[in-house]
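Trainee: Just passing along the structure, written as structure tokens.
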Amino acid sequence: MPTLSSAINASASALSVERTRIEAAVSNMANAESTRGPDGLPYRRRDVLLASDNRASFDVALGHAGAAGVRVAAVVEDRMPFRRRYEPSHPDADVEGFVALPNVDPQNEMVDLIGASRAYQANLAAIGLIRDLVTKSLELGR
């Protein structure tokens, strides 16, 4: 069953990718108010870039195609400008009284987090359906 196996592998690769997306969103939310990092600058939002996993197989002679997976191409820093908030009493305020805050929008992070969580659940369900299909097929063969 090369196609069922490749479908499970594709869903498994997606589980790994979605876990990385969840971790990035959680990290972004946790640092939404971090005004100073090790480099002295506010935290920069992290974004996960995805790419197709090119190890998918397609064999015309055998008449089957493998499902394409997905992988994390990179985790990059968002280069959008920092937010600014007027807070002259803050220790990181500039001479005009503004504090540079991370370029994190908590609402967008929640949307990303929910999307990644739903995709994770969908891939778990897909693996479960394939497992059930194989089990039923084996029962029919008895």
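All residue names refer to the structure tokens as shown: chains lettered A, B, ... in order, residues numbered from 1 in each chain, ligands numbered from 1 in order.
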Would you please give, as a PyMOL selection string, all residues of segment 1-56 of chain A that DSSP assigns to alpha helix (DSSP H) based on the backbone?
Mentor: chain A and resi 2-30
Trainee: What's around Ala14 of chain A at 9 Å? Count only C-alpha atoms, leave out sequence neighbours fewer than 3 positions away in its own chain, and write the answer as a ChimeraX atom specification.
Mentor: /A:9-11,17-19,69-71,119-120,123
Trainee: Please return as a list of chain:residue names: the residues of chain A that backbone DSSP assigns to strand (DSSP E or B).
Mentor: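 The strand (DSSP E or B) subset of chain A is A:Arg46, A:Asp47, A:Val48, A:Leu49, A:Leu50, A:Ala51, A:Ser52, A:Asp53, A:Phe58, A:Asp59, A:His64, A:Ala65, A:Gly69, A:Val70, A:Arg71, A:Val72, A:Ala73, A:Ala74, A:Val75, A:Val76, A:Glu77, A:Arg83, A:Arg84, A:Arg85, A:Tyr86, A:Phe98, A:Val99, A:Ala100, A:Leu101.
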Trainee: Could you write those residues out with N, CA, C and O atoms, as a JSON list (two decimals), in the first residue's frame?
Mentor:
[["chain", "number", "residue", "atom", "x", "y", "z"],
["A", 46, "ARG", "N", 8.39, 36.00, 15.18],
["A", 46, "ARG", "CA", 8.90, 34.89, 14.38],
["A", 46, "ARG", "C", 7.79, 34.38, 13.46],
["A", 46, "ARG", "O", 6.63, 34.28, 13.86],
["A", 47, "ASP", "N", 8.16, 34.03, 12.24],
["A", 47, "ASP", "CA", 7.19, 33.51, 11.27],
["A", 47, "ASP", "C", 7.78, 32.22, 10.68],
["A", 47, "ASP", "O", 8.98, 32.14, 10.43],
["A", 48, "VAL", "N", 6.92, 31.24, 10.48],
["A", 48, "VAL", "CA", 7.34, 29.95, 9.95],
["A", 48, "VAL", "C", 7.05, 29.90, 8.45],
["A", 48, "VAL", "O", 5.92, 30.13, 8.03],
["A", 49, "LEU", "N", 8.09, 29.64, 7.67],
["A", 49, "LEU", "CA", 7.93, 29.49, 6.22],
["A", 49, "LEU", "C", 7.88, 28.01, 5.88],
["A", 49, "LEU", "O", 8.72, 27.24, 6.35],
["A", 50, "LEU", "N", 6.90, 27.63, 5.06],
["A", 50, "LEU", "CA", 6.70, 26.23, 4.70],
["A", 50, "LEU", "C", 7.12, 25.99, 3.26],
["A", 50, "LEU", "O", 7.10, 26.89, 2.43],
["A", 51, "ALA", "N", 7.45, 24.74, 2.98],
["A", 51, "ALA", "CA", 7.79, 24.33, 1.62],
["A", 51, "ALA", "C", 7.29, 22.91, 1.40],
["A", 51, "ALA", "O", 7.13, 22.14, 2.35],
["A", 52, "SER", "N", 7.06, 22.59, 0.15],
["A", 52, "SER", "CA", 6.65, 21.23, -0.20],
["A", 52, "SER", "C", 7.81, 20.29, 0.02],
["A", 52, "SER", "O", 8.96, 20.61, -0.26],
["A", 53, "ASP", "N", 7.50, 19.11, 0.54],
["A", 53, "ASP", "CA", 8.52, 18.09, 0.72],
["A", 53, "ASP", "C", 8.64, 17.33, -0.60],
["A", 53, "ASP", "O", 7.71, 16.64, -1.01],
["A", 58, "PHE", "N", 6.08, 9.44, -7.47],
["A", 58, "PHE", "CA", 5.09, 9.28, -8.53],
["A", 58, "PHE", "C", 5.67, 8.29, -9.52],
["A", 58, "PHE", "O", 6.73, 8.50, -10.08],
["A", 59, "ASP", "N", 4.97, 7.21, -9.69],
["A", 59, "ASP", "CA", 5.45, 6.16, -10.59],
["A", 59, "ASP", "C", 4.38, 5.88, -11.64],
["A", 59, "ASP", "O", 3.36, 5.25, -11.36],
["A", 64, "HIS", "N", 0.64, 4.72, -9.61],
["A", 64, "HIS", "CA", 0.28, 5.31, -8.32],
["A", 64, "HIS", "C", 1.14, 6.54, -8.03],
["A", 64, "HIS", "O", 2.25, 6.66, -8.52],
["A", 65, "ALA", "N", 0.57, 7.40, -7.25],
["A", 65, "ALA", "CA", 1.29, 8.61, -6.85],
["A", 65, "ALA", "C", 1.32, 8.68, -5.34],
["A", 65, "ALA", "O", 0.36, 8.33, -4.68],
["A", 69, "GLY", "N", 4.37, 15.73, 1.05],
["A", 69, "GLY", "CA", 4.38, 16.22, 2.42],
["A", 69, "GLY", "C", 4.74, 17.69, 2.46],
["A", 69, "GLY", "O", 4.79, 18.38, 1.44],
["A", 70, "VAL", "N", 4.97, 18.17, 3.66],
["A", 70, "VAL", "CA", 5.33, 19.56, 3.86],
["A", 70, "VAL", "C", 6.46, 19.60, 4.89],
["A", 70, "VAL", "O", 6.61, 18.67, 5.68],
["A", 71, "ARG", "N", 7.26, 20.65, 4.83],
["A", 71, "ARG", "CA", 8.36, 20.79, 5.78],
["A", 71, "ARG", "C", 8.53, 22.26, 6.12],
["A", 71, "ARG", "O", 8.05, 23.14, 5.42],
["A", 72, "VAL", "N", 9.22, 22.51, 7.21],
["A", 72, "VAL", "CA", 9.55, 23.88, 7.60],
["A", 72, "VAL", "C", 10.77, 24.30, 6.79],
["A", 72, "VAL", "O", 11.83, 23.69, 6.89],
["A", 73, "ALA", "N", 10.59, 25.32, 5.95],
["A", 73, "ALA", "CA", 11.71, 25.82, 5.15],
["A", 73, "ALA", "C", 12.62, 26.70, 6.02],
["A", 73, "ALA", "O", 13.84, 26.62, 5.92],
["A", 74, "ALA", "N", 12.01, 27.52, 6.87],
["A", 74, "ALA", "CA", 12.78, 28.40, 7.75],
["A", 74, "ALA", "C", 11.86, 29.03, 8.78],
["A", 74, "ALA", "O", 10.65, 29.13, 8.57],
["A", 75, "VAL", "N", 12.45, 29.45, 9.87],
["A", 75, "VAL", "CA", 11.76, 30.29, 10.84],
["A", 75, "VAL", "C", 12.49, 31.62, 10.78],
["A", 75, "VAL", "O", 13.68, 31.70, 11.07],
["A", 76, "VAL", "N", 11.77, 32.66, 10.34],
["A", 76, "VAL", "CA", 12.39, 33.96, 10.09],
["A", 76, "VAL", "C", 11.80, 35.02, 11.01],
["A", 76, "VAL", "O", 10.69, 34.89, 11.51],
["A", 77, "GLU", "N", 12.56, 36.07, 11.21],
["A", 77, "GLU", "CA", 12.07, 37.22, 11.98],
["A", 77, "GLU", "C", 11.30, 38.15, 11.05],
["A", 77, "GLU", "O", 11.73, 38.43, 9.94],
["A", 83, "ARG", "N", 6.26, 48.54, 17.10],
["A", 83, "ARG", "CA", 5.18, 49.43, 17.52],
["A", 83, "ARG", "C", 5.78, 50.44, 18.50],
["A", 83, "ARG", "O", 6.80, 50.17, 19.13],
["A", 84, "ARG", "N", 5.14, 51.58, 18.60],
["A", 84, "ARG", "CA", 5.60, 52.60, 19.56],
["A", 84, "ARG", "C", 4.45, 52.98, 20.47],
["A", 84, "ARG", "O", 3.32, 53.13, 20.04],
["A", 85, "ARG", "N", 4.78, 53.15, 21.76],
["A", 85, "ARG", "CA", 3.77, 53.55, 22.74],
["A", 85, "ARG", "C", 4.38, 54.64, 23.62],
["A", 85, "ARG", "O", 5.51, 54.53, 24.07],
["A", 86, "TYR", "N", 3.58, 55.66, 23.84],
["A", 86, "TYR", "CA", 4.03, 56.76, 24.68],
["A", 86, "TYR", "C", 3.94, 56.33, 26.14],
["A", 86, "TYR", "O", 2.86, 56.07, 26.68],
["A", 98, "PHE", "N", 8.78, 57.64, 24.06],
["A", 98, "PHE", "CA", 8.17, 56.49, 23.39],
["A", 98, "PHE", "C", 8.98, 55.22, 23.65],
["A", 98, "PHE", "O", 10.20, 55.25, 23.68],
["A", 99, "VAL", "N", 8.25, 54.13, 23.83],
["A", 99, "VAL", "CA", 8.87, 52.82, 24.03],
["A", 99, "VAL", "C", 8.64, 52.00, 22.77],
["A", 99, "VAL", "O", 7.52, 51.95, 22.25],
["A", 100, "ALA", "N", 9.69, 51.39, 22.26],
["A", 100, "ALA", "CA", 9.57, 50.48, 21.12],
["A", 100, "ALA", "C", 9.10, 49.13, 21.63],
["A", 100, "ALA", "O", 9.69, 48.55, 22.54],
["A", 101, "LEU", "N", 8.00, 48.65, 21.06],
["A", 101, "LEU", "CA", 7.42, 47.37, 21.46],
["A", 101, "LEU", "C", 7.53, 46.38, 20.31],
["A", 101, "LEU", "O", 7.61, 46.76, 19.14]]
Trainee: Just want the 9 Å neighbourhood of Met80 of chain A, counted on only C-alpha atoms, with same-chain residues fewer than 6 positions away dropped. Output as a PyMOL selection string.
Mentor: chain A and resi 44-45+103
Trainee: Do you have the atom CA of Ala126 of chain A-atom CA of Asn108 of chain A distance handy?
Mentor: 26.9 Å
Trainee: Give the answer as one residue: which of A:Gly37, A:Ala122, A:Ala67, A:Gly97 has the shortest atom-to-atom distance to Ser5 of chain A, using only C-alpha atoms?
Mentor: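 Among the listed residues, A:Ala67 lies closest to Ser5 of chain A.
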Trainee: Find the residues around Val111 of chain A up to 12 Å (only C-alpha atoms counted), leave out those fewer than 3 positions away in its own chain, and share them as a list in words.
Mentor: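 Here the qualifying residues turn out to be Arg21, Ile22, Ala25, Val26, Met29, Asp105, Pro106, Gln107, Asn108, Ile114, Gly115, Ala116, Ser117 and Arg118 of chain A.
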Trainee: Hey, can you spit out that residue selection with all heavy atoms as an mmCIF file, in the first residue's frame?
Mentor:
data_model
loop_
_atom_site.group_PDB
_atom_site.id
_atom_site.type_symbol
_atom_site.label_atom_id
_atom_site.label_comp_id
_atom_site.auth_asym_id
_atom_site.auth_seq_id
_atom_site.Cartn_x
_atom_site.Cartn_y
_atom_site.Cartn_z
ATOM 1 N N ARG A 21 4.536 25.686 13.989
ATOM 2 C CA ARG A 21 3.726 26.910 13.883
ATOM 3 C C ARG A 21 3.103 27.273 15.227
ATOM 4 O O ARG A 21 3.060 28.451 15.600
ATOM 5 C CB ARG A 21 2.623 26.722 12.832
ATOM 6 C CG ARG A 21 3.129 26.732 11.415
ATOM 7 C CD ARG A 21 1.989 26.633 10.416
ATOM 8 N NE ARG A 21 1.042 27.729 10.603
ATOM 9 C CZ ARG A 21 -0.271 27.618 10.363
ATOM 10 N NH1 ARG A 21 -0.791 26.494 9.940
ATOM 11 N NH2 ARG A 21 -1.053 28.665 10.549
ATOM 12 N N ILE A 22 2.640 26.275 15.976
ATOM 13 C CA ILE A 22 2.055 26.522 17.304
ATOM 14 C C ILE A 22 3.119 27.078 18.241
ATOM 15 O O ILE A 22 2.878 28.057 18.967
ATOM 16 C CB ILE A 22 1.418 25.234 17.864
ATOM 17 C CG1 ILE A 22 0.149 24.894 17.082
ATOM 18 C CG2 ILE A 22 1.127 25.367 19.351
ATOM 19 C CD1 ILE A 22 -0.417 23.516 17.373
ATOM 20 N N ALA A 25 3.807 30.743 17.390
ATOM 21 C CA ALA A 25 2.725 31.635 17.812
ATOM 22 C C ALA A 25 2.746 31.832 19.330
ATOM 23 O O ALA A 25 2.563 32.952 19.820
ATOM 24 C CB ALA A 25 1.374 31.087 17.357
ATOM 25 N N VAL A 26 2.999 30.754 20.070
ATOM 26 C CA VAL A 26 3.060 30.857 21.529
ATOM 27 C C VAL A 26 4.241 31.728 21.956
ATOM 28 O O VAL A 26 4.115 32.583 22.849
ATOM 29 C CB VAL A 26 3.137 29.452 22.172
ATOM 30 C CG1 VAL A 26 3.483 29.532 23.644
ATOM 31 C CG2 VAL A 26 1.809 28.721 21.973
ATOM 32 N N MET A 29 3.364 35.367 21.286
ATOM 33 C CA MET A 29 2.419 35.901 22.276
ATOM 34 C C MET A 29 3.085 36.122 23.628
ATOM 35 O O MET A 29 2.816 37.107 24.312
ATOM 36 C CB MET A 29 1.218 34.972 22.407
ATOM 37 C CG MET A 29 0.335 35.010 21.179
ATOM 38 S SD MET A 29 -1.025 33.857 21.243
ATOM 39 C CE MET A 29 -1.934 34.456 22.648
ATOM 40 N N ASP A 105 1.131 41.251 16.993
ATOM 41 C CA ASP A 105 -0.282 41.571 17.154
ATOM 42 C C ASP A 105 -0.956 40.342 17.770
ATOM 43 O O ASP A 105 -1.107 39.320 17.091
ATOM 44 C CB ASP A 105 -0.913 41.910 15.801
ATOM 45 C CG ASP A 105 -2.369 42.291 15.910
ATOM 46 O OD1 ASP A 105 -2.881 42.408 17.041
ATOM 47 O OD2 ASP A 105 -3.001 42.469 14.854
ATOM 48 N N PRO A 106 -1.343 40.412 19.054
ATOM 49 C CA PRO A 106 -1.904 39.226 19.721
ATOM 50 C C PRO A 106 -3.119 38.623 19.012
ATOM 51 O O PRO A 106 -3.284 37.404 19.002
ATOM 52 C CB PRO A 106 -2.284 39.742 21.111
ATOM 53 C CG PRO A 106 -1.374 40.909 21.333
ATOM 54 C CD PRO A 106 -1.199 41.536 19.981
ATOM 55 N N GLN A 107 -3.942 39.457 18.382
ATOM 56 C CA GLN A 107 -5.105 38.923 17.673
ATOM 57 C C GLN A 107 -4.676 38.059 16.485
ATOM 58 O O GLN A 107 -5.223 36.972 16.268
ATOM 59 C CB GLN A 107 -6.029 40.051 17.184
ATOM 60 C CG GLN A 107 -6.741 40.787 18.290
ATOM 61 C CD GLN A 107 -5.910 41.903 18.907
ATOM 62 O OE1 GLN A 107 -4.817 42.219 18.450
ATOM 63 N NE2 GLN A 107 -6.422 42.499 19.972
ATOM 64 N N ASN A 108 -3.704 38.527 15.722
ATOM 65 C CA ASN A 108 -3.197 37.735 14.594
ATOM 66 C C ASN A 108 -2.535 36.448 15.068
ATOM 67 O O ASN A 108 -2.660 35.403 14.422
ATOM 68 C CB ASN A 108 -2.216 38.539 13.752
ATOM 69 C CG ASN A 108 -2.898 39.594 12.914
ATOM 70 O OD1 ASN A 108 -4.107 39.527 12.682
ATOM 71 N ND2 ASN A 108 -2.140 40.566 12.469
ATOM 72 N N ILE A 114 -4.948 29.181 16.352
ATOM 73 C CA ILE A 114 -6.160 28.383 16.131
ATOM 74 C C ILE A 114 -6.071 27.640 14.796
ATOM 75 O O ILE A 114 -6.419 26.459 14.706
ATOM 76 C CB ILE A 114 -7.416 29.273 16.206
ATOM 77 C CG1 ILE A 114 -7.622 29.735 17.648
ATOM 78 C CG2 ILE A 114 -8.648 28.538 15.691
ATOM 79 C CD1 ILE A 114 -8.666 30.823 17.808
ATOM 80 N N GLY A 115 -5.589 28.318 13.747
ATOM 81 C CA GLY A 115 -5.438 27.670 12.442
ATOM 82 C C GLY A 115 -4.488 26.491 12.495
ATOM 83 O O GLY A 115 -4.772 25.422 11.946
ATOM 84 N N ALA A 116 -3.352 26.664 13.163
ATOM 85 C CA ALA A 116 -2.375 25.579 13.276
ATOM 86 C C ALA A 116 -2.937 24.432 14.110
ATOM 87 O O ALA A 116 -2.730 23.260 13.782
ATOM 88 C CB ALA A 116 -1.074 26.099 13.888
ATOM 89 N N SER A 117 -3.672 24.767 15.154
ATOM 90 C CA SER A 117 -4.279 23.740 16.000
ATOM 91 C C SER A 117 -5.316 22.926 15.227
ATOM 92 O O SER A 117 -5.348 21.693 15.311
ATOM 93 C CB SER A 117 -4.931 24.406 17.216
ATOM 94 O OG SER A 117 -5.618 23.461 17.988
ATOM 95 N N ARG A 118 -6.138 23.603 14.442
ATOM 96 C CA ARG A 118 -7.150 22.899 13.636
ATOM 97 C C ARG A 118 -6.490 22.030 12.562
ATOM 98 O O ARG A 118 -6.940 20.921 12.281
ATOM 99 C CB ARG A 118 -8.097 23.897 12.994
ATOM 100 C CG ARG A 118 -8.921 24.697 13.982
ATOM 101 C CD ARG A 118 -10.177 23.939 14.381
ATOM 102 N NE ARG A 118 -10.828 24.525 15.525
ATOM 103 C CZ ARG A 118 -11.732 25.493 15.480
ATOM 104 N NH1 ARG A 118 -12.090 25.992 14.320
ATOM 105 N NH2 ARG A 118 -12.279 25.943 16.586
#
